[in-house]
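In what follows, a structure is listed as structure tokens, so that the remarks can point back to it.
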Amino acid sequence: MNRQTLAAKPWRPAPALWVSLAAGAGSMLAGMGLVALMGVPVTEAVAAFADGAWGSPYALAASINRALVLMLVGLGFVLAERASLTNVGGEGQIAVGGIAATALCLWPPVAGLPFGLAFIVPMLGACLAGAFWGGIAGVLKVKAGTNEVIATLMLSFIAIWMVYGSVQSEQLLRRPMTTSATLPESLEIPAATQLPLLLGDASVPLHAGLPIGLVLAVVVAAVLGFTVLGLKLRAAGLNPRAARRAGMAIDRLSIGVLCAAGALGGLAGACMLQGEQYTLKAGFSSGYGFDGLVVGLLARGSVPGVIAGSLLFGFLRSGGINMEMVAQVPTALVVVIQGLIIVTLAGAALAIQRMEGRTA
């Protein structure tokens with residue numbers, strides 16, 4: 001191809017990019033219209049959103065930390081999706097990861113471990129707990145034929161109530177009651193077990209979970225795109241019967257990939273507890289597992305798509321919280337706006353899929 005040919009064919013963004021951008025812009029405009037209908041000044045609401053999402057170093061770091069949790073759950077979803085398994089249990093995996101991380105952080109010998117093991121060991125424990133929780137769904141699917149969507153969803157509700165029970169009982173994780181006003185939550189985890197701040201400055205609370213998450217994103221992308229395991233997952237997802245006849249251990253593969261997805265969800269719970277909240281309380285997962293599921297769905301099997309989607313929803317969460325507090329935008333309206341963005345982006349993904357099918 002010569003220079004004249006290159007000059008005759010200038011680069012143009014793919015139609016899929018325009019569809020996604022148009023869907024995002026349209027949903028934002030519709031959201032602003034809903035804000036105006038509620039009687040809230042649009043400029044005030046937008047300013048509050050921007051300030052909460054990226055208006056200061058603290059806000060920017062908090063948004064990225066939230067995106068990290070969503071990314072880990074989304075990576076687990078994409079990993080399972082490659083084998084045609086749907087992991088909707090991110091919320092439960094976050095919950096059991098948070099329980100395990102809290103229990104290990106509060107176990108006295110752990111806080112005295114050297115070389116950073118004080119915060120690494122609880123993270124590993126959270127991964128194991130999440131893997132176990134995901135593995136239960138895998139075993140139920142393989143041994144009893146239970147649909148993994150139902151299994152992971154029901155396990156999430158069980159895990160959420162396990163968190164509630166853990167912080168209600170002094171024999172488990174509830175802090176000792178000194179007065180009737182003592183909240184049902186755990187003790188604050190020791191400083192040694194908290195995730196170190198990357199910049200050493202509490203005003204910019206980026207923590208060590210971020211590089212760990214980015215490394216895992218690269219690992220997942222490499223596994224899916226360049227390894228025999230990734231090829232086996234794709235084969236099992238496209239035609240499990242043919243893969244089984246080719247000698248692949250489909251049952252073990254299914255259990256293993258759900259364990260891996262659960263481990264990522266458990267790590268997300270550890271990052272929430274050790275990097276931000278520091279105490280376990282009922283509802284600490286705050287719906288991150290379900291938002292991470294949406295991130296995974298919108299990513300359409302792409303790890304870069306997971307990263308982009310998690311950043312979007314991380315900023316939406318931070319901006320929405322500040323918009324509610326500063327501009328008095330009702331919580332329900334914030335949720336509606338987020339749902340509107342999800343629906344339009346999902347519709348855009350469907351349009352892109354049809355567009356690609358026509359051009360194939």
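Identifiers in this document derive from the order of the structure tokens: chains are assigned A, B, ..., residues are numbered from 1 separately in each chain, and ligands are numbered from 1 in order of occurrence.
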
Considering only C-alpha atoms, tabulate each residue of region 23-116 of chain A that lies at most 12 Å from region 123-128 of chain A along with its nearest interatomic pair and the corresponding distance in Å to one decimal; arrange the rows by chain and ascending residue number and present them as a Markdown table.
| residue | atom | partner | partner_atom | distance |
| --- | --- | --- | --- | --- |
| A:Leu72 | CA | A:Cys127 | CA | 11.3 |
| A:Gly76 | CA | A:Cys127 | CA | 11.8 |
| A:Gly92 | CA | A:Ala126 | CA | 11.9 |
| A:Gln93 | CA | A:Ala126 | CA | 8.9 |
| A:Ile94 | CA | A:Ala126 | CA | 8.5 |
| A:Ala95 | CA | A:Ala126 | CA | 9.3 |
| A:Val96 | CA | A:Ala126 | CA | 7.1 |
| A:Gly97 | CA | A:Ala126 | CA | 4.0 |
| A:Gly98 | CA | A:Ala126 | CA | 6.6 |
| A:Ile99 | CA | A:Ala126 | CA | 7.7 |
| A:Ala100 | CA | A:Ala126 | CA | 5.2 |
| A:Ala101 | CA | A:Ala126 | CA | 5.3 |
| A:Thr102 | CA | A:Ala126 | CA | 8.9 |
| A:Ala103 | CA | A:Gly125 | CA | 9.3 |
| A:Leu104 | CA | A:Gly125 | CA | 7.4 |
| A:Cys105 | CA | A:Met123 | CA | 9.3 |
| A:Val110 | CA | A:Gly125 | CA | 11.5 |
| A:Gly116 | CA | A:Met123 | CA | 11.3 |

Restricting it to C-alpha atoms, dump the selection as a short mmCIF file (atom, residue, chain, number, x, y, z; two decimals), in the first residue's frame.
data_model
loop_
_atom_site.label_atom_id
_atom_site.label_comp_id
_atom_site.auth_asym_id
_atom_site.auth_seq_id
_atom_site.Cartn_x
_atom_site.Cartn_y
_atom_site.Cartn_z
CA LEU A 72 -12.42 -7.23 39.60
CA GLY A 76 -14.60 -12.64 36.92
CA GLY A 92 -22.08 -12.79 47.43
CA GLN A 93 -18.43 -13.33 46.57
CA ILE A 94 -17.64 -9.80 47.74
CA ALA A 95 -19.54 -10.55 50.96
CA VAL A 96 -17.71 -13.78 51.82
CA GLY A 97 -14.41 -12.15 50.83
CA GLY A 98 -15.14 -9.31 53.25
CA ILE A 99 -16.00 -11.75 56.05
CA ALA A 100 -12.80 -13.75 55.52
CA ALA A 101 -10.62 -10.64 55.24
CA THR A 102 -12.12 -9.17 58.42
CA ALA A 103 -11.67 -12.37 60.39
CA LEU A 104 -8.01 -12.65 59.36
CA CYS A 105 -7.28 -8.95 59.90
CA VAL A 110 -1.78 -11.65 61.40
CA GLY A 116 3.63 -6.86 54.05
#

Report task. Might you pull out every residue within 10 Å of Gly31 (chain A), with only C-alpha atoms counted and same-chain residues fewer than 6 positions away left off, and present them as a ChimeraX atom specification? Result -> /A:25,37,42,333-334,336-341

Requested in this report: Pick out the closest residue to Leu214 (chain A) from this set: A:Ala59, A:Phe315, A:Ala48, A:Pro304. Count only C-alpha atoms.
Outcome: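 Checking each candidate against Leu214 (chain A), we get A:Pro304 as the closest.
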
Requested in this report: Considering only C-alpha atoms, return as a PyMOL selection string whatever protein or nucleic-acid residues lie within 10 Å of Gly314 (chain A), sequence-local ones (same chain, fewer than 3 positions apart) excluded.
Outcome: chain A and resi 53+60+62-71+288+291-292+308-311+317-320

Query raised in the report: DSSP says helix (DSSP H, G or I) for which residues of region 53-275 of chain A? Put them as a ChimeraX atom specification?
Result: /A:53-54,57-82,90-105,108-111,117-144,148-168,191-193,209-226,228-238,240-245,250-275

Requested in this report: Compile the contact shell of Ile136 (chain A) as a PyMOL selection string: residues with an atom at most 9 Å away, counting only C-alpha atoms, same-chain residues fewer than 4 positions apart removed.
Outcome: chain A and resi 131-132+140-141+151-152+155+255+258-259

With C-alpha atoms retained, write the just-selected residues as a PDB file, in the first residue's frame.
ATOM      1  CA  ALA A 131     -13.227 -19.217  45.163  1.00  0.00           C
ATOM      2  CA  PHE A 132     -15.003 -21.610  47.524  1.00  0.00           C
ATOM      3  CA  LEU A 140     -23.963 -27.830  41.779  1.00  0.00           C
ATOM      4  CA  LYS A 141     -23.939 -27.311  38.026  1.00  0.00           C
ATOM      5  CA  ALA A 151     -26.976 -20.999  42.006  1.00  0.00           C
ATOM      6  CA  THR A 152     -24.724 -17.923  42.096  1.00  0.00           C
ATOM      7  CA  LEU A 155     -25.618 -17.980  47.081  1.00  0.00           C
ATOM      8  CA  ILE A 255     -15.742 -25.682  38.349  1.00  0.00           C
ATOM      9  CA  LEU A 258     -16.232 -20.383  38.521  1.00  0.00           C
ATOM     10  CA  CYS A 259     -13.698 -20.725  41.339  1.00  0.00           C
TER      11      CYS A 259
END

Counting only C-alpha atoms, what are the residues of region 39-136 of chain A within 12 Å of region 242-254 of chain A, and for each of them which pair of atoms is the nearest and at what distance in Å, to one decimal? Sort the table by chain and rising number, as a tab-separated table.
residue	atom	partner	partner_atom	distance
A:Leu79	CA	A:Ser254	CA	10.8
A:Ala80	CA	A:Ser254	CA	8.2
A:Glu81	CA	A:Ser254	CA	10.6
A:Arg82	CA	A:Ser254	CA	10.6
A:Ala83	CA	A:Ser254	CA	7.4
A:Ser84	CA	A:Ser254	CA	9.3
A:Leu85	CA	A:Ser254	CA	7.8
A:Thr86	CA	A:Ser254	CA	10.8
A:Asn87	CA	A:Ser254	CA	11.3
A:Gly134	CA	A:Ser254	CA	10.4
A:Gly135	CA	A:Ser254	CA	9.0
A:Ile136	CA	A:Ser254	CA	11.2

Report summary line: One residue among A:Ser186, A:Thr344, A:Phe119, A:Met355 is nearest to Ala30 (chain A) when using only C-alpha atoms, and that residue is A:Thr344

Requested in this report: Just the residues within 7 Å of region 162-178 of chain A, please, counting only C-alpha atoms, with nothing from its chain fewer than 4 positions along; format it as a ChimeraX atom specification.
Outcome: /A:95,99,158,182,184-187,281-282

**Report entry** CA of Ser302 (chain A) to CA of Gln274 (chain A), distance in Å rounded to a single decimal
**Finding:** 28.1 Å

**Report entry** Residue with smallest distance to Leu197 (chain A) - pool A:Ile342, A:Glu276, A:Ser156, A:Val303, counting only C-alpha atoms
**Finding:**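 Once distances to Leu197 (chain A) are computed over only C-alpha atoms, the minimum belongs to A:Glu276.
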
**Report entry** Shortest interatomic distance to Thr331 (chain A) - which of A:Ile160, A:Val35, A:Ala202, A:Val149, counting only C-alpha atoms
**Finding:**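 Of the candidates, the smallest distance to Thr331 (chain A) is held by A:Val35.
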
Query - Computed interatomic separation between CA of Ala346 (chain A) and CA of Leu297 (chain A) (Å) - result: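 Computed distance, CA of Ala346 (chain A) to CA of Leu297 (chain A), equals 8.3 Å.
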
Query raised in the report: How far is it from CA of Gly89 (chain A) to CA of Pro122 (chain A), in Å with one decimal?
Result: 20.8 Å

Report task. Measuring atom to atom with only C-alpha atoms, identify which of A:Gly33, A:Gly52, A:Gly230, A:Gly301 is nearest to Leu316 (chain A). Result ->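 Looking at the shortest contact to Leu316 (chain A), the residue is A:Gly52.
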
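Of the listed residues (A:Ala47, A:Val257, A:Gly213, A:Ala327), A:Val257 comes nearest to Glu148 (chain A); the distances count only C-alpha atoms.
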